[in-house]
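Structure record follows, encoded as structure tokens.
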Amino acid sequence: MGAGYVGGPTMAVIASKAPRVKVTVVDLSERQIAAWNSNNLPIYEPGLEEIVFSVRGKNLFFSTDIDAGIREADIIFVSVNTPTKTTGIGAGRAANIKNCELCARKIAEVATSDKIVVEKSTVPVRTAESIKRVLASASPFKFQVLSNPEFLAEGTAIQDLLFPSRVLIGGEQTPEGIVAINKLVEVYAHWVPRPQILTTNLWSSELSKLVANAYLAQRVSSINSITALCEETDADIDEISRAIGSDPRIGNKFLKASVGYGGSCFQKDILNLVYICESFGLREVADYWHQVVLMNDYQKRRFSYKMVQQMFNTVTGKKIAIFGFAFKKDTGDTRESAAAYVMKDLLDERALLSVYDPQVERDQMFVEFDYTLNVSEKTYPGLDGMITTASSAIEAATGAHAIAIMTEWDEFTSYDYRQLFDVMSKPAFIFDGRNILNHKELREIGFEVYAIGKPSPHARRF
């Protein structure tokens, strides 16, 4: 249940690797299901099209007939969105599990036999207990509720599914619960080595997902916190990352400094973890993890401020080319994109923004602005004219005073930057928010270059 970023790719891989298992993905959205049944899938992930096209219509089906899907299934995966609450108790931190509860009520209403219900969505600890209570109170049939959190990174989701570091399955430690766990283990065992399929109790599985994302985000915020110090002392953040990453106790993963993390998981899951800790009166623990989020917010604001500061303390009326709006490369996902936050700051300064991203459409960008930042034509009159979308990098850069690298798309490293320099206003600035460009070569062309955590010969310090 749910044909989004988790449900679609996960079920496609299961269908591909378990050809004798019939997999049906159901969703309320006719538009979403129509896209999954077309040649233009609603989600961009390297390798996804090949897998979907190879099994669709054989043992993988996409449908809006939710009732039929529930009745026919032995195992039901719940893969629906659990956004952070925007109002009410826990607003801004707690996860809204309304969609999970609605799925449980629908299953109870429609089911005509016993089922195994699998939480695939990221949920607060003990959500499984809530789902089980709903099912037990509204249906005469027996249900086992399992937790099977996803550990996918957008841009590498298919590889993560095909070659997972681990599959985690949590369930009740009762005879019935163990049987249900083993049935789900059998599904993954079609391609995942058994030692990599970890089984736990329900609560450990649910909490493990939140903690995993919190730890990864913590590493990003930790290295990003040092970039501000590097820029003041002329140290180089990449050299520091290499030095500390060579320590096997630390390792080199998630030590790439940037303008800040984004995506649907890190922010939401840390805030959820913070709320859970607060709910249990663990104030110091909550404050510790909340600082990871605050540091990420600081990094995005600092980048915006650096742009304005270095461009003579004003960007009013200046065209700025934004290279990339997706929150990371190799995905079209824009949720919590750092680009959106930086662009909002620049809009507040009345800059004119021209955006080029190879995978993000204009409508999708404006949906993110409205949903996450309350930026719309209503709140920012004239917004449609302040933000233009370009079909190429050179179109975005023509007449621009600056280029801001906001997503680490590979193609951004292969451009002829001398050609871009020639069509820009002078002095021409580049703000590398991902540290992916050759800054020495850019300076030789004539650009003024500013990068995260890097020494800058032109830095204006006030």
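Chain lettering (A, B, ...) mirrors the order of the structure tokens, residue numbering begins at 1 for each chain separately, and ligand numbering begins at 1 in order of display.
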
**Asked** DSSP says strand (DSSP E) for which residues of region 205-451 of chain A? Put them as an MDAnalysis selection string?
**Response** chainID A and resid 319:323 352:356 387:389 402:405 429:432 448:451

**Asked** What lies within 9 Å of Ser16 (chain A) using only C-alpha atoms, ignoring chain neighbours under 5 positions off, as a list in words?
**Response**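 The residues satisfying every condition are Met11, Ile51, Val52, Ser54, Val55, Asn59 and Leu60 of chain A.
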
**Prompt:** Of the candidates A:Ile76, A:Val123, A:Ala396, A:Leu420, which one gets nearest to Ala108 (chain A) if we count only C-alpha atoms?
**Reply:**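 Answer, going by the shortest atom-to-atom distance: A:Ile76.
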
**Item:** Residue set, region 161-334 of chain A restricted to helix (DSSP H, G or I), as JSON, numbers by chain
**Value:** {"A": [161, 162, 175, 176, 177, 178, 179, 180, 181, 182, 183, 184, 185, 186, 187, 188, 194, 195, 196, 202, 203, 204, 205, 206, 207, 208, 209, 210, 211, 212, 213, 214, 215, 216, 217, 218, 219, 220, 221, 222, 223, 224, 225, 226, 227, 228, 229, 230, 231, 232, 233, 237, 238, 239, 240, 241, 242, 243, 244, 245, 266, 267, 268, 269, 270, 271, 272, 273, 274, 275, 276, 277, 278, 279, 283, 284, 285, 286, 287, 288, 289, 290, 291, 292, 293, 294, 295, 296, 297, 298, 299, 300, 301, 302, 303, 304, 305, 306, 307, 308, 309, 310]}

**Asked** For Thr407 (chain A), which residue out of A:Gly433, A:Gly332, A:Pro427, A:Gly155 is the nearest one, using only C-alpha atoms?
**Response**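 The shortest atom-to-atom distance to Thr407 (chain A) comes from A:Gly433.
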
Could you build a table of the residues in region 237-310 of chain A lying no more than 12 Å from region 360-384 of chain A, giving for each the nearest pair of atoms and their separation in Å rounded to one decimal place, using only C-alpha atoms, ordered by chain and ascending residue number, as JSON lines?
{"residue": "A:Gly262", "atom": "CA", "partner": "A:Thr372", "partner_atom": "CA", "distance": 11.8}
{"residue": "A:Gly263", "atom": "CA", "partner": "A:Glu368", "partner_atom": "CA", "distance": 11.3}
{"residue": "A:Ser264", "atom": "CA", "partner": "A:Thr372", "partner_atom": "CA", "distance": 11.0}
{"residue": "A:Gln267", "atom": "CA", "partner": "A:Thr372", "partner_atom": "CA", "distance": 11.9}
{"residue": "A:Lys268", "atom": "CA", "partner": "A:Thr372", "partner_atom": "CA", "distance": 12.0}

**Message:** Residues near region 138-152 of chain A, anyone? I mean within 8 Å using only C-alpha atoms, not counting same-chain ones fewer than 5 positions away, as an NGL selection string.
**Reply:** :A and (6 or 105 or 108-109 or 111-122 or 128 or 131-132 or 157 or 160-161 or 167-172 or 176-177 or 180-181 or 202 or 205-206 or 209)

**Spatial neighbours of Val342 (chain A), max dist 8 Å, only C-alpha atoms, sep filter under 6 positions, as a list in words** = Lys300, Arg301, Phe303 and Ser304 of chain A

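Residues in contact range of region 279-282 of chain A, defined as at most 10 Å between only C-alpha atoms, with sequence neighbours fewer than 6 positions away removed, read A:Gly90, A:Ala94, A:Leu273.
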
Could the residues in this selection be saved with all heavy atoms as an mmCIF file, in the first residue's frame?
data_model
loop_
_atom_site.group_PDB
_atom_site.id
_atom_site.type_symbol
_atom_site.label_atom_id
_atom_site.label_comp_id
_atom_site.auth_asym_id
_atom_site.auth_seq_id
_atom_site.Cartn_x
_atom_site.Cartn_y
_atom_site.Cartn_z
ATOM 1 N N GLY A 90 3.027 18.160 19.359
ATOM 2 C CA GLY A 90 4.263 17.712 18.713
ATOM 3 C C GLY A 90 4.520 18.339 17.361
ATOM 4 O O GLY A 90 5.379 17.857 16.615
ATOM 5 N N ALA A 94 6.975 15.701 15.868
ATOM 6 C CA ALA A 94 6.370 14.373 15.850
ATOM 7 C C ALA A 94 5.971 13.968 14.441
ATOM 8 O O ALA A 94 5.587 14.805 13.617
ATOM 9 C CB ALA A 94 5.146 14.347 16.768
ATOM 10 N N LEU A 273 12.781 11.507 16.587
ATOM 11 C CA LEU A 273 13.556 10.986 17.708
ATOM 12 C C LEU A 273 13.583 11.998 18.857
ATOM 13 O O LEU A 273 13.451 11.634 20.031
ATOM 14 C CB LEU A 273 14.976 10.669 17.240
ATOM 15 C CG LEU A 273 15.943 10.085 18.269
ATOM 16 C CD1 LEU A 273 15.439 8.739 18.786
ATOM 17 C CD2 LEU A 273 17.338 9.921 17.664
#

**Asked** Using only C-alpha atoms, which of the listed residues (A:Thr84, A:Asn252, A:Ser63, A:Asn438) sits closest to Val23 (chain A)?
**Response**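 Of all the options, A:Ser63 lies closest to Val23 (chain A).
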
**Asked** If we count only C-alpha atoms, what is near Ala402 (chain A) at a cut-off of 10 Å, once residues fewer than 3 positions away on the same chain are taken out, given as a PyMOL selection string?
**Response** chain A and resi 307+311+315+318-322+353+397-399+405+421+424-431+447-449

Take the residues just selected and output them with N, CA and C atoms as an mmCIF file, in the first residue's frame.
data_model
loop_
_atom_site.group_PDB
_atom_site.id
_atom_site.type_symbol
_atom_site.label_atom_id
_atom_site.label_comp_id
_atom_site.auth_asym_id
_atom_site.auth_seq_id
_atom_site.Cartn_x
_atom_site.Cartn_y
_atom_site.Cartn_z
ATOM 1 N N MET A 307 26.953 34.301 0.217
ATOM 2 C CA MET A 307 26.701 34.769 -1.142
ATOM 3 C C MET A 307 26.432 36.276 -1.158
ATOM 4 N N MET A 311 29.051 39.263 -2.622
ATOM 5 C CA MET A 311 28.590 40.007 -3.807
ATOM 6 C C MET A 311 28.269 41.450 -3.419
ATOM 7 N N VAL A 315 22.272 41.562 -3.371
ATOM 8 C CA VAL A 315 21.952 40.779 -4.567
ATOM 9 C C VAL A 315 20.626 41.251 -5.152
ATOM 10 N N LYS A 318 19.830 41.244 -8.928
ATOM 11 C CA LYS A 318 20.867 40.500 -9.638
ATOM 12 C C LYS A 318 20.375 39.088 -9.989
ATOM 13 N N LYS A 319 20.715 38.656 -11.188
ATOM 14 C CA LYS A 319 20.371 37.307 -11.602
ATOM 15 C C LYS A 319 21.408 36.329 -11.048
ATOM 16 N N ILE A 320 20.936 35.267 -10.427
ATOM 17 C CA ILE A 320 21.809 34.226 -9.888
ATOM 18 C C ILE A 320 21.373 32.890 -10.472
ATOM 19 N N ALA A 321 22.301 32.163 -11.068
ATOM 20 C CA ALA A 321 22.015 30.847 -11.638
ATOM 21 C C ALA A 321 22.138 29.790 -10.541
ATOM 22 N N ILE A 322 21.091 29.017 -10.366
ATOM 23 C CA ILE A 322 21.069 27.938 -9.376
ATOM 24 C C ILE A 322 21.239 26.629 -10.128
ATOM 25 N N LEU A 353 16.288 34.574 -9.701
ATOM 26 C CA LEU A 353 16.893 33.252 -9.714
ATOM 27 C C LEU A 353 16.529 32.482 -10.975
ATOM 28 N N ALA A 397 22.943 30.580 -16.871
ATOM 29 C CA ALA A 397 24.089 31.426 -16.551
ATOM 30 C C ALA A 397 24.132 32.722 -17.353
ATOM 31 N N THR A 398 23.453 32.781 -18.489
ATOM 32 C CA THR A 398 23.530 33.967 -19.335
ATOM 33 C C THR A 398 23.021 35.208 -18.590
ATOM 34 N N GLY A 399 23.896 36.185 -18.447
ATOM 35 C CA GLY A 399 23.543 37.416 -17.754
ATOM 36 C C GLY A 399 23.580 37.336 -16.241
ATOM 37 N N ILE A 405 26.273 26.235 -6.946
ATOM 38 C CA ILE A 405 26.172 24.780 -7.133
ATOM 39 C C ILE A 405 25.447 24.212 -5.916
ATOM 40 N N PHE A 421 31.554 31.606 -18.255
ATOM 41 C CA PHE A 421 32.122 32.876 -17.798
ATOM 42 C C PHE A 421 31.867 33.986 -18.822
ATOM 43 N N MET A 424 28.369 35.619 -18.622
ATOM 44 C CA MET A 424 27.924 36.135 -17.332
ATOM 45 C C MET A 424 28.292 37.607 -17.154
ATOM 46 N N SER A 425 27.602 38.266 -16.227
ATOM 47 C CA SER A 425 27.991 39.617 -15.826
ATOM 48 C C SER A 425 29.281 39.539 -15.025
ATOM 49 N N LYS A 426 30.036 40.613 -15.032
ATOM 50 C CA LYS A 426 31.327 40.629 -14.338
ATOM 51 C C LYS A 426 31.296 41.634 -13.187
ATOM 52 N N PRO A 427 31.986 41.340 -12.073
ATOM 53 C CA PRO A 427 32.726 40.105 -11.823
ATOM 54 C C PRO A 427 31.775 38.920 -11.695
ATOM 55 N N ALA A 428 32.236 37.768 -12.159
ATOM 56 C CA ALA A 428 31.426 36.553 -12.137
ATOM 57 C C ALA A 428 31.824 35.702 -10.933
ATOM 58 N N PHE A 429 30.827 35.299 -10.160
ATOM 59 C CA PHE A 429 31.060 34.535 -8.938
ATOM 60 C C PHE A 429 30.593 33.093 -9.118
ATOM 61 N N ILE A 430 31.299 32.190 -8.449
ATOM 62 C CA ILE A 430 30.812 30.813 -8.298
ATOM 63 C C ILE A 430 30.840 30.475 -6.813
ATOM 64 N N PHE A 431 29.697 29.988 -6.322
ATOM 65 C CA PHE A 431 29.590 29.525 -4.944
ATOM 66 C C PHE A 431 29.347 28.020 -4.999
ATOM 67 N N PHE A 447 36.861 33.652 -12.577
ATOM 68 C CA PHE A 447 35.798 33.609 -11.574
ATOM 69 C C PHE A 447 36.321 33.991 -10.193
ATOM 70 N N GLU A 448 35.466 34.614 -9.394
ATOM 71 C CA GLU A 448 35.679 34.683 -7.955
ATOM 72 C C GLU A 448 34.965 33.477 -7.362
ATOM 73 N N VAL A 449 35.716 32.620 -6.691
ATOM 74 C CA VAL A 449 35.192 31.322 -6.254
ATOM 75 C C VAL A 449 35.147 31.260 -4.736
#

**Message:** Excluding Tyr188 (chain A) and its own-chain neighbours fewer than 4 positions away, which residues fall within 12 Å of it when counting only C-alpha atoms? Please give them as a list of chain:residue names.
**Reply:**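 Close residues of Tyr188 (chain A): A:Thr10, A:Met11, A:Val13, A:Ile14, A:Ala15, A:Ser16, A:Lys17, A:Ala18, A:Val21, A:Asn148, A:Leu161, A:Leu162, A:Phe163, A:Pro164, A:Arg166, A:Val167, A:Leu168, A:Ile169, A:Ile181, A:Asn182, A:Lys183, A:Leu184, A:Val192, A:Pro193, A:Arg194, A:Pro195, A:Gln196, A:Ile197, A:Leu198.
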
Can you check which parts of region 155-241 of chain A lie within 9 Å of region 283-293 of chain A? Per residue, the shortest pair of atoms and distance in Å to one decimal, counting only C-alpha atoms, sorted by chain and number, as a Markdown table.
| residue | atom | partner | partner_atom | distance |
| --- | --- | --- | --- | --- |
| A:Ala214 | CA | A:Trp289 | CA | 7.5 |
| A:Ala217 | CA | A:Val292 | CA | 7.0 |
| A:Gln218 | CA | A:Val292 | CA | 5.6 |
| A:Arg219 | CA | A:Val292 | CA | 8.8 |
| A:Val220 | CA | A:Val292 | CA | 8.6 |
| A:Ser221 | CA | A:Val292 | CA | 5.8 |
| A:Ser222 | CA | A:Val292 | CA | 7.8 |

Could you write out that same residue set with N, CA and C atoms as a PDB file, in the first residue's frame?
ATOM      1  N   ALA A 214      19.658   9.266  12.309  1.00  0.00           N
ATOM      2  CA  ALA A 214      20.192  10.293  13.205  1.00  0.00           C
ATOM      3  C   ALA A 214      21.717  10.253  13.218  1.00  0.00           C
ATOM      4  N   ALA A 217      23.056  11.687   9.849  1.00  0.00           N
ATOM      5  CA  ALA A 217      22.904  13.138   9.822  1.00  0.00           C
ATOM      6  C   ALA A 217      23.874  13.805  10.781  1.00  0.00           C
ATOM      7  N   GLN A 218      24.121  13.153  11.903  1.00  0.00           N
ATOM      8  CA  GLN A 218      25.069  13.693  12.887  1.00  0.00           C
ATOM      9  C   GLN A 218      26.460  13.841  12.272  1.00  0.00           C
ATOM     10  N   ARG A 219      26.864  12.880  11.481  1.00  0.00           N
ATOM     11  CA  ARG A 219      28.182  12.953  10.844  1.00  0.00           C
ATOM     12  C   ARG A 219      28.232  14.109   9.847  1.00  0.00           C
ATOM     13  N   VAL A 220      27.149  14.292   9.097  1.00  0.00           N
ATOM     14  CA  VAL A 220      27.118  15.396   8.138  1.00  0.00           C
ATOM     15  C   VAL A 220      27.201  16.728   8.864  1.00  0.00           C
ATOM     16  N   SER A 221      26.384  16.894   9.902  1.00  0.00           N
ATOM     17  CA  SER A 221      26.405  18.157  10.647  1.00  0.00           C
ATOM     18  C   SER A 221      27.734  18.361  11.355  1.00  0.00           C
ATOM     19  N   SER A 222      28.349  17.286  11.811  1.00  0.00           N
ATOM     20  CA  SER A 222      29.633  17.414  12.506  1.00  0.00           C
ATOM     21  C   SER A 222      30.710  17.966  11.576  1.00  0.00           C
TER      22      SER A 222
END

**Asked** So how many Å separate CA of Leu255 (chain A) and CA of Ser241 (chain A), to one decimal?
**Response**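 Separating CA of Leu255 (chain A) from CA of Ser241 (chain A) is a distance of 5.9 Å.
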
**Request:** Measure the distance from CA of Glu72 (chain A) to CA of Phe53 (chain A) in Å and round it to one decimal.
**Result:**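 Separation between CA of Glu72 (chain A) and CA of Phe53 (chain A): 23.1 Å.
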
**Computed interatomic separation between CA of Lys328 (chain A) and CA of His439 (chain A) (Å)** =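 Separation of CA of Lys328 (chain A) and CA of His439 (chain A): 20.8 Å.
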